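Student: Data file structure-v1.txt (compact mmCIF, N, CA, C and O atoms and all ligand atoms) is appended below.
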```txt
# COMPACT_ATOMS: atom_id res chain seq x y z
N MET A 13 -31.57 112.03 -72.44
CA MET A 13 -30.89 111.72 -71.18
C MET A 13 -31.35 110.32 -70.70
O MET A 13 -32.52 110.04 -70.66
N ASN A 14 -30.38 109.48 -70.33
CA ASN A 14 -30.74 108.15 -69.82
C ASN A 14 -30.71 108.14 -68.29
O ASN A 14 -30.36 109.13 -67.66
N LYS A 15 -31.10 107.02 -67.72
CA LYS A 15 -31.18 106.89 -66.26
C LYS A 15 -29.81 107.07 -65.60
O LYS A 15 -29.73 107.49 -64.45
N TYR A 16 -28.77 106.72 -66.33
CA TYR A 16 -27.41 106.81 -65.83
C TYR A 16 -27.04 108.25 -65.48
O TYR A 16 -26.34 108.51 -64.52
N ASP A 17 -27.53 109.19 -66.29
CA ASP A 17 -27.21 110.60 -66.13
C ASP A 17 -28.30 111.40 -65.41
O ASP A 17 -28.10 112.57 -65.13
N SER A 18 -29.44 110.79 -65.18
CA SER A 18 -30.54 111.59 -64.62
C SER A 18 -30.59 111.55 -63.10
O SER A 18 -30.12 110.60 -62.47
N HIS A 19 -31.18 112.61 -62.57
CA HIS A 19 -31.45 112.65 -61.14
C HIS A 19 -32.56 111.65 -60.83
O HIS A 19 -33.33 111.26 -61.71
N TYR A 20 -32.65 111.26 -59.58
CA TYR A 20 -33.73 110.38 -59.15
C TYR A 20 -34.50 111.12 -58.07
O TYR A 20 -34.03 111.21 -56.94
N TRP A 21 -35.65 111.69 -58.44
CA TRP A 21 -36.35 112.62 -57.56
C TRP A 21 -37.13 111.91 -56.46
O TRP A 21 -37.75 110.88 -56.68
N SER A 22 -37.08 112.54 -55.28
CA SER A 22 -37.79 112.01 -54.12
C SER A 22 -39.29 112.19 -54.27
O SER A 22 -40.06 111.38 -53.78
N GLY A 23 -39.71 113.25 -54.92
CA GLY A 23 -41.13 113.58 -55.08
C GLY A 23 -41.35 115.06 -54.87
O GLY A 23 -40.55 115.72 -54.21
N TRP A 24 -42.43 115.57 -55.43
CA TRP A 24 -42.69 117.01 -55.38
C TRP A 24 -43.87 117.32 -54.47
O TRP A 24 -44.75 116.47 -54.34
N PRO A 25 -43.95 118.53 -53.91
CA PRO A 25 -42.93 119.58 -53.98
C PRO A 25 -41.77 119.32 -53.03
O PRO A 25 -41.84 118.42 -52.20
N GLY A 26 -40.73 120.09 -53.19
CA GLY A 26 -39.54 119.96 -52.35
C GLY A 26 -38.69 118.77 -52.74
O GLY A 26 -38.05 118.16 -51.89
N ALA A 27 -38.69 118.43 -54.01
CA ALA A 27 -37.95 117.26 -54.48
C ALA A 27 -36.45 117.45 -54.35
O ALA A 27 -35.93 118.55 -54.53
N TYR A 28 -35.79 116.35 -53.99
CA TYR A 28 -34.34 116.34 -54.03
C TYR A 28 -33.91 115.02 -54.65
O TYR A 28 -34.67 114.05 -54.65
N CYS A 29 -32.68 115.00 -55.15
CA CYS A 29 -32.20 113.81 -55.83
C CYS A 29 -31.70 112.79 -54.81
O CYS A 29 -30.91 113.12 -53.93
N LEU A 30 -32.18 111.54 -54.95
CA LEU A 30 -31.77 110.47 -54.03
C LEU A 30 -30.35 110.00 -54.33
O LEU A 30 -29.75 109.29 -53.53
N LYS A 31 -29.80 110.39 -55.47
CA LYS A 31 -28.43 110.02 -55.83
C LYS A 31 -27.42 111.06 -55.34
O LYS A 31 -26.45 110.73 -54.69
N CYS A 32 -27.65 112.33 -55.67
CA CYS A 32 -26.64 113.35 -55.36
C CYS A 32 -27.10 114.37 -54.32
O CYS A 32 -26.29 115.15 -53.84
N GLY A 33 -28.39 114.38 -53.99
CA GLY A 33 -28.89 115.29 -52.96
C GLY A 33 -29.27 116.67 -53.47
O GLY A 33 -29.70 117.51 -52.69
N ALA A 34 -29.11 116.91 -54.77
CA ALA A 34 -29.44 118.22 -55.33
C ALA A 34 -30.95 118.43 -55.37
O ALA A 34 -31.71 117.47 -55.45
N GLY A 35 -31.36 119.69 -55.33
CA GLY A 35 -32.76 120.03 -55.50
C GLY A 35 -33.12 120.00 -56.97
O GLY A 35 -32.23 119.99 -57.83
N ASP A 36 -34.41 119.96 -57.28
CA ASP A 36 -34.86 119.96 -58.66
C ASP A 36 -34.64 121.34 -59.27
O ASP A 36 -35.26 122.31 -58.84
N PRO A 37 -33.74 121.46 -60.26
CA PRO A 37 -33.46 122.78 -60.84
C PRO A 37 -34.69 123.43 -61.49
O PRO A 37 -34.82 124.65 -61.47
N ASN A 38 -35.58 122.60 -62.04
CA ASN A 38 -36.80 123.16 -62.64
C ASN A 38 -37.74 123.73 -61.59
O ASN A 38 -38.34 124.78 -61.78
N GLU A 39 -37.83 123.03 -60.45
CA GLU A 39 -38.67 123.51 -59.36
C GLU A 39 -38.07 124.79 -58.76
O GLU A 39 -38.79 125.73 -58.46
N GLN A 40 -36.75 124.81 -58.63
CA GLN A 40 -36.07 126.01 -58.11
C GLN A 40 -36.27 127.20 -59.05
O GLN A 40 -36.54 128.31 -58.62
N ALA A 41 -36.14 126.93 -60.36
CA ALA A 41 -36.30 128.00 -61.36
C ALA A 41 -37.73 128.55 -61.32
O ALA A 41 -37.94 129.76 -61.44
N LEU A 42 -38.69 127.64 -61.09
CA LEU A 42 -40.10 128.05 -60.99
C LEU A 42 -40.28 128.94 -59.76
O LEU A 42 -40.92 129.98 -59.82
N ALA A 43 -39.65 128.53 -58.63
CA ALA A 43 -39.75 129.30 -57.39
C ALA A 43 -39.08 130.66 -57.53
O ALA A 43 -39.51 131.65 -56.94
N GLU A 44 -38.01 130.71 -58.35
CA GLU A 44 -37.30 131.97 -58.55
C GLU A 44 -37.97 132.84 -59.62
O GLU A 44 -37.48 133.91 -59.95
N GLY A 45 -39.03 132.32 -60.21
CA GLY A 45 -39.76 133.09 -61.23
C GLY A 45 -39.10 133.08 -62.59
O GLY A 45 -39.32 133.98 -63.41
N LEU A 46 -38.25 132.07 -62.86
CA LEU A 46 -37.59 132.00 -64.16
C LEU A 46 -38.48 131.33 -65.22
O LEU A 46 -38.24 131.45 -66.41
N TRP A 47 -39.48 130.59 -64.74
CA TRP A 47 -40.51 130.07 -65.63
C TRP A 47 -41.76 130.90 -65.42
O TRP A 47 -42.08 131.28 -64.31
N GLY A 48 -42.45 131.18 -66.50
CA GLY A 48 -43.71 131.88 -66.38
C GLY A 48 -44.74 131.22 -67.28
O GLY A 48 -44.44 130.25 -67.97
N PHE A 49 -45.93 131.73 -67.25
CA PHE A 49 -46.99 131.20 -68.11
C PHE A 49 -47.63 132.34 -68.88
O PHE A 49 -47.75 133.44 -68.38
N GLU A 50 -47.97 132.05 -70.12
CA GLU A 50 -48.70 133.05 -70.90
C GLU A 50 -49.78 132.33 -71.67
O GLU A 50 -49.74 131.12 -71.86
N GLU A 51 -50.75 133.09 -72.14
CA GLU A 51 -51.85 132.49 -72.89
C GLU A 51 -51.31 131.86 -74.16
O GLU A 51 -50.46 132.43 -74.83
N ASP A 52 -51.82 130.68 -74.46
CA ASP A 52 -51.40 129.96 -75.65
C ASP A 52 -52.14 130.52 -76.86
O ASP A 52 -53.37 130.52 -76.89
N PRO A 53 -51.40 131.03 -77.87
CA PRO A 53 -52.08 131.61 -79.03
C PRO A 53 -52.87 130.58 -79.85
O PRO A 53 -53.80 130.93 -80.58
N ILE A 54 -52.49 129.30 -79.73
CA ILE A 54 -53.17 128.25 -80.51
C ILE A 54 -54.41 127.76 -79.77
O ILE A 54 -55.46 127.57 -80.36
N ASP A 55 -54.26 127.54 -78.47
CA ASP A 55 -55.37 127.03 -77.66
C ASP A 55 -55.88 128.15 -76.76
O ASP A 55 -55.21 128.55 -75.81
N PRO A 56 -57.07 128.69 -77.04
CA PRO A 56 -57.58 129.83 -76.26
C PRO A 56 -57.82 129.50 -74.79
O PRO A 56 -57.85 130.41 -73.96
N ASN A 57 -57.99 128.21 -74.46
CA ASN A 57 -58.20 127.82 -73.06
C ASN A 57 -56.91 127.38 -72.38
O ASN A 57 -56.92 127.07 -71.19
N GLY A 58 -55.84 127.34 -73.14
CA GLY A 58 -54.58 126.80 -72.60
C GLY A 58 -53.60 127.89 -72.22
O GLY A 58 -53.70 129.03 -72.64
N MET A 59 -52.67 127.48 -71.41
CA MET A 59 -51.57 128.36 -71.03
C MET A 59 -50.30 127.65 -71.46
O MET A 59 -50.21 126.42 -71.41
N LYS A 60 -49.32 128.41 -71.90
CA LYS A 60 -48.06 127.74 -72.22
C LYS A 60 -46.94 128.29 -71.35
O LYS A 60 -46.97 129.44 -70.92
N GLU A 61 -45.97 127.40 -71.13
CA GLU A 61 -44.84 127.73 -70.27
C GLU A 61 -43.85 128.57 -71.07
O GLU A 61 -43.54 128.24 -72.20
N ILE A 62 -43.37 129.62 -70.48
CA ILE A 62 -42.34 130.42 -71.15
C ILE A 62 -41.16 130.63 -70.21
O ILE A 62 -41.33 130.75 -68.99
N TRP A 63 -39.98 130.68 -70.77
CA TRP A 63 -38.77 130.95 -70.00
C TRP A 63 -38.63 132.45 -69.87
O TRP A 63 -38.63 133.17 -70.87
N THR A 64 -38.53 132.94 -68.64
CA THR A 64 -38.43 134.39 -68.44
C THR A 64 -37.06 134.78 -67.89
O THR A 64 -36.78 135.96 -67.72
N GLY A 65 -36.20 133.77 -67.64
CA GLY A 65 -34.85 134.07 -67.18
C GLY A 65 -33.93 134.38 -68.36
O GLY A 65 -34.36 134.45 -69.51
N THR A 66 -32.66 134.54 -68.08
CA THR A 66 -31.68 134.84 -69.11
C THR A 66 -31.26 133.53 -69.80
O THR A 66 -31.43 132.44 -69.24
N PRO A 67 -30.67 133.62 -71.02
CA PRO A 67 -30.16 132.42 -71.69
C PRO A 67 -29.09 131.71 -70.86
O PRO A 67 -29.00 130.48 -70.86
N GLU A 68 -28.29 132.49 -70.10
CA GLU A 68 -27.25 131.91 -69.24
C GLU A 68 -27.90 131.06 -68.12
O GLU A 68 -27.42 129.98 -67.82
N GLN A 69 -28.97 131.60 -67.55
CA GLN A 69 -29.69 130.85 -66.50
C GLN A 69 -30.30 129.59 -67.08
O GLN A 69 -30.33 128.56 -66.44
N LYS A 70 -30.74 129.67 -68.34
CA LYS A 70 -31.34 128.52 -69.01
C LYS A 70 -30.29 127.42 -69.26
O LYS A 70 -30.56 126.24 -69.02
N SER A 71 -29.10 127.81 -69.69
CA SER A 71 -28.09 126.79 -69.94
C SER A 71 -27.57 126.20 -68.63
O SER A 71 -27.24 125.02 -68.56
N LYS A 72 -27.56 127.01 -67.57
CA LYS A 72 -27.18 126.47 -66.25
C LYS A 72 -28.22 125.46 -65.78
O LYS A 72 -27.88 124.41 -65.26
N LEU A 73 -29.49 125.76 -66.02
CA LEU A 73 -30.57 124.85 -65.65
C LEU A 73 -30.41 123.51 -66.37
O LEU A 73 -30.51 122.45 -65.76
N GLU A 74 -30.12 123.58 -67.68
CA GLU A 74 -29.95 122.35 -68.46
C GLU A 74 -28.77 121.53 -67.94
O GLU A 74 -28.82 120.31 -67.88
N GLU A 75 -27.71 122.25 -67.56
CA GLU A 75 -26.53 121.60 -66.97
C GLU A 75 -26.88 120.94 -65.63
O GLU A 75 -26.46 119.81 -65.36
N ASP A 76 -27.66 121.64 -64.82
CA ASP A 76 -28.05 121.14 -63.50
C ASP A 76 -28.99 119.94 -63.57
O ASP A 76 -29.18 119.23 -62.59
N CYS A 77 -29.61 119.73 -64.74
CA CYS A 77 -30.53 118.60 -64.91
C CYS A 77 -29.76 117.28 -65.09
O CYS A 77 -30.36 116.21 -65.06
N ILE A 78 -28.46 117.36 -65.30
CA ILE A 78 -27.64 116.15 -65.42
C ILE A 78 -27.06 115.83 -64.04
O ILE A 78 -26.44 116.69 -63.42
N CYS A 79 -27.32 114.61 -63.56
CA CYS A 79 -26.87 114.23 -62.23
C CYS A 79 -25.37 114.00 -62.21
O CYS A 79 -24.81 113.39 -63.12
N LYS A 80 -24.72 114.50 -61.16
CA LYS A 80 -23.27 114.35 -61.03
C LYS A 80 -22.90 112.93 -60.63
O LYS A 80 -21.79 112.48 -60.87
N VAL A 81 -23.84 112.23 -59.98
CA VAL A 81 -23.60 110.84 -59.59
C VAL A 81 -24.12 109.94 -60.71
O VAL A 81 -25.30 109.91 -61.00
N LYS A 82 -23.19 109.25 -61.37
CA LYS A 82 -23.57 108.41 -62.50
C LYS A 82 -24.02 107.04 -62.02
O LYS A 82 -23.44 106.49 -61.09
N GLY A 83 -25.05 106.54 -62.65
CA GLY A 83 -25.54 105.21 -62.31
C GLY A 83 -27.05 105.21 -62.21
O GLY A 83 -27.69 106.26 -62.23
N GLU A 84 -27.60 104.02 -62.09
CA GLU A 84 -29.04 103.88 -62.01
C GLU A 84 -29.42 103.42 -60.61
O GLU A 84 -28.80 102.50 -60.07
N LEU A 85 -30.40 104.09 -60.03
CA LEU A 85 -30.83 103.76 -58.68
C LEU A 85 -31.92 102.69 -58.75
O LEU A 85 -32.95 102.88 -59.39
N ILE A 86 -31.66 101.57 -58.13
CA ILE A 86 -32.62 100.46 -58.15
C ILE A 86 -32.92 100.03 -56.72
O ILE A 86 -32.00 99.92 -55.90
N TRP A 87 -34.20 99.83 -56.44
CA TRP A 87 -34.61 99.42 -55.09
C TRP A 87 -34.22 97.96 -54.87
O TRP A 87 -34.54 97.10 -55.67
N ASP A 88 -33.49 97.71 -53.79
CA ASP A 88 -33.06 96.36 -53.44
C ASP A 88 -33.98 95.86 -52.33
O ASP A 88 -33.89 96.32 -51.19
N ASN A 89 -34.87 94.92 -52.67
CA ASN A 89 -35.82 94.39 -51.70
C ASN A 89 -35.14 93.63 -50.58
O ASN A 89 -35.59 93.64 -49.45
N TYR A 90 -34.05 92.96 -50.90
CA TYR A 90 -33.32 92.17 -49.91
C TYR A 90 -32.71 93.07 -48.84
O TYR A 90 -32.84 92.82 -47.65
N LYS A 91 -32.06 94.16 -49.29
CA LYS A 91 -31.43 95.10 -48.36
C LYS A 91 -32.44 96.11 -47.80
O LYS A 91 -32.19 96.74 -46.78
N GLY A 92 -33.54 96.28 -48.51
CA GLY A 92 -34.53 97.28 -48.12
C GLY A 92 -33.98 98.69 -48.27
O GLY A 92 -34.28 99.58 -47.48
N ALA A 93 -33.16 98.86 -49.29
CA ALA A 93 -32.53 100.16 -49.50
C ALA A 93 -32.27 100.36 -51.00
O ALA A 93 -32.30 99.40 -51.77
N TRP A 94 -32.00 101.62 -51.36
CA TRP A 94 -31.65 101.90 -52.75
C TRP A 94 -30.25 101.41 -53.02
O TRP A 94 -29.36 101.50 -52.17
N ASP A 95 -30.06 100.91 -54.21
CA ASP A 95 -28.77 100.42 -54.63
C ASP A 95 -28.38 101.17 -55.90
O ASP A 95 -29.18 101.29 -56.81
N LEU A 96 -27.17 101.69 -55.94
CA LEU A 96 -26.72 102.42 -57.11
C LEU A 96 -25.99 101.45 -58.04
O LEU A 96 -24.95 100.90 -57.70
N LYS A 97 -26.59 101.25 -59.21
CA LYS A 97 -26.01 100.34 -60.20
C LYS A 97 -25.21 101.19 -61.18
O LYS A 97 -25.78 102.03 -61.89
N VAL A 98 -23.90 101.01 -61.17
CA VAL A 98 -23.05 101.91 -61.95
C VAL A 98 -22.62 101.36 -63.31
O VAL A 98 -22.01 102.07 -64.10
N ASP A 99 -22.92 100.10 -63.58
CA ASP A 99 -22.55 99.54 -64.88
C ASP A 99 -23.35 100.22 -65.97
O ASP A 99 -24.56 100.31 -65.88
N LYS A 100 -22.66 100.66 -66.99
CA LYS A 100 -23.33 101.30 -68.11
C LYS A 100 -23.87 100.20 -69.03
O LYS A 100 -23.18 99.23 -69.30
N GLN A 101 -25.13 100.38 -69.47
CA GLN A 101 -25.73 99.35 -70.32
C GLN A 101 -25.36 99.58 -71.76
O GLN A 101 -25.22 100.69 -72.18
ZN ZN B 201 -28.76 113.76 -58.82
```
Show me the file's structure as structure tokens.

Tutor:
Amino acid sequence: MNKYDSHYWSGWPGAYCLKCGAGDPNEQALAEGLWGFEEDPIDPNGMKEIWTGTPEQKSKLEEDCICKVKGELIWDNYKGAWDLKVDKQ
């Protein structure tokens, strides 16, 4: 995924996209308990992330990770505001 298609997160926790206003689907899935952790069989001190939701919820999450607003968000020092650059590189 390139910057053109990605969300631009405000910061965590409670992140939202500065381009489209959507919440972070991964953070939401974590809050809904769709991500879990289990002991890592390779690393006895480690934990690994596991998906505990349905495959449908997983594909929706992947879909939600693509920002609906296309373009790259660049900080404009002159305007003192974010500028959406829509030209594809
Ligand atoms: Zn977005």

Student: Figure out the distance between atom CA of A:Ile78 and atom CA of A:Ser18, please, to one decimal in Å.

Tutor: 5.5 Å

Student: Identify which of the residues A:Gly48, A:Ala27, A:Ala43, A:Cys77 lies closest to A:Thr64, counting only C-alpha atoms when measuring atom-to-atom distances.

Tutor: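 Among the listed residues, A:Gly48 lies closest to A:Thr64.
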
Student: Per residue of chain A within 4.5 Å of ligand ZN 201 (chain B), what are the shortest atom pair and its distance in Å to one decimal, counting all atoms listed in the file, with rows by chain and residue number, as JSON lines?

Tutor:
```
{"residue": "A:His19", "atom": "CA", "partner": "B:ZN201", "partner_atom": "ZN", "distance": 3.7}
{"residue": "A:Cys32", "atom": "N", "partner": "B:ZN201", "partner_atom": "ZN", "distance": 3.6}
{"residue": "A:Cys79", "atom": "CA", "partner": "B:ZN201", "partner_atom": "ZN", "distance": 3.9}
```

Student: Write out as JSON lines a residue-level contact list of stretch 15-39 of chain A versus stretch 85-96 of chain A with cut-off 8 Å: for each qualifying residue the closest pair of atoms and the distance in Å to one decimal, counting all atoms listed in the file, rows sorted by chain and residue number upward.

Tutor:
```
{"residue": "A:Lys15", "atom": "O", "partner": "A:Leu85", "partner_atom": "N", "distance": 5.6}
{"residue": "A:Tyr16", "atom": "N", "partner": "A:Leu85", "partner_atom": "N", "distance": 7.0}
{"residue": "A:Ser18", "atom": "O", "partner": "A:Leu85", "partner_atom": "N", "distance": 7.0}
{"residue": "A:His19", "atom": "C", "partner": "A:Leu85", "partner_atom": "N", "distance": 7.9}
{"residue": "A:Tyr20", "atom": "CA", "partner": "A:Leu85", "partner_atom": "N", "distance": 7.2}
{"residue": "A:Leu30", "atom": "C", "partner": "A:Leu85", "partner_atom": "CA", "distance": 7.6}
{"residue": "A:Lys31", "atom": "CA", "partner": "A:Leu85", "partner_atom": "CA", "distance": 7.3}
```

Student: Taking the chain letters and numbering used in this document, name the residues of stretch 51-92 of chain A that DSSP puts in alpha helix (DSSP H), as a list in words.

Tutor: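 Reading the DSSP output for stretch 51-92 of chain A, alpha helix (DSSP H) covers Pro67, Glu68, Gln69, Lys70, Ser71, Lys72, Leu73, Glu74, Glu75 and Asp76 of chain A.
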
Student: Could you pull out the strand (DSSP E) residues of chain A from DSSP and send them as a list in words?

Tutor: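 So, restricting chain A to strand (DSSP E), we get Trp47, Gly48, Phe49, Glu50, Glu51, Met59, Lys60, Glu61, Ile62, Trp63, Glu84, Leu85, Ile86, Trp87, Asp88, Ala93, Trp94, Asp95, Leu96 and Lys97 of chain A.
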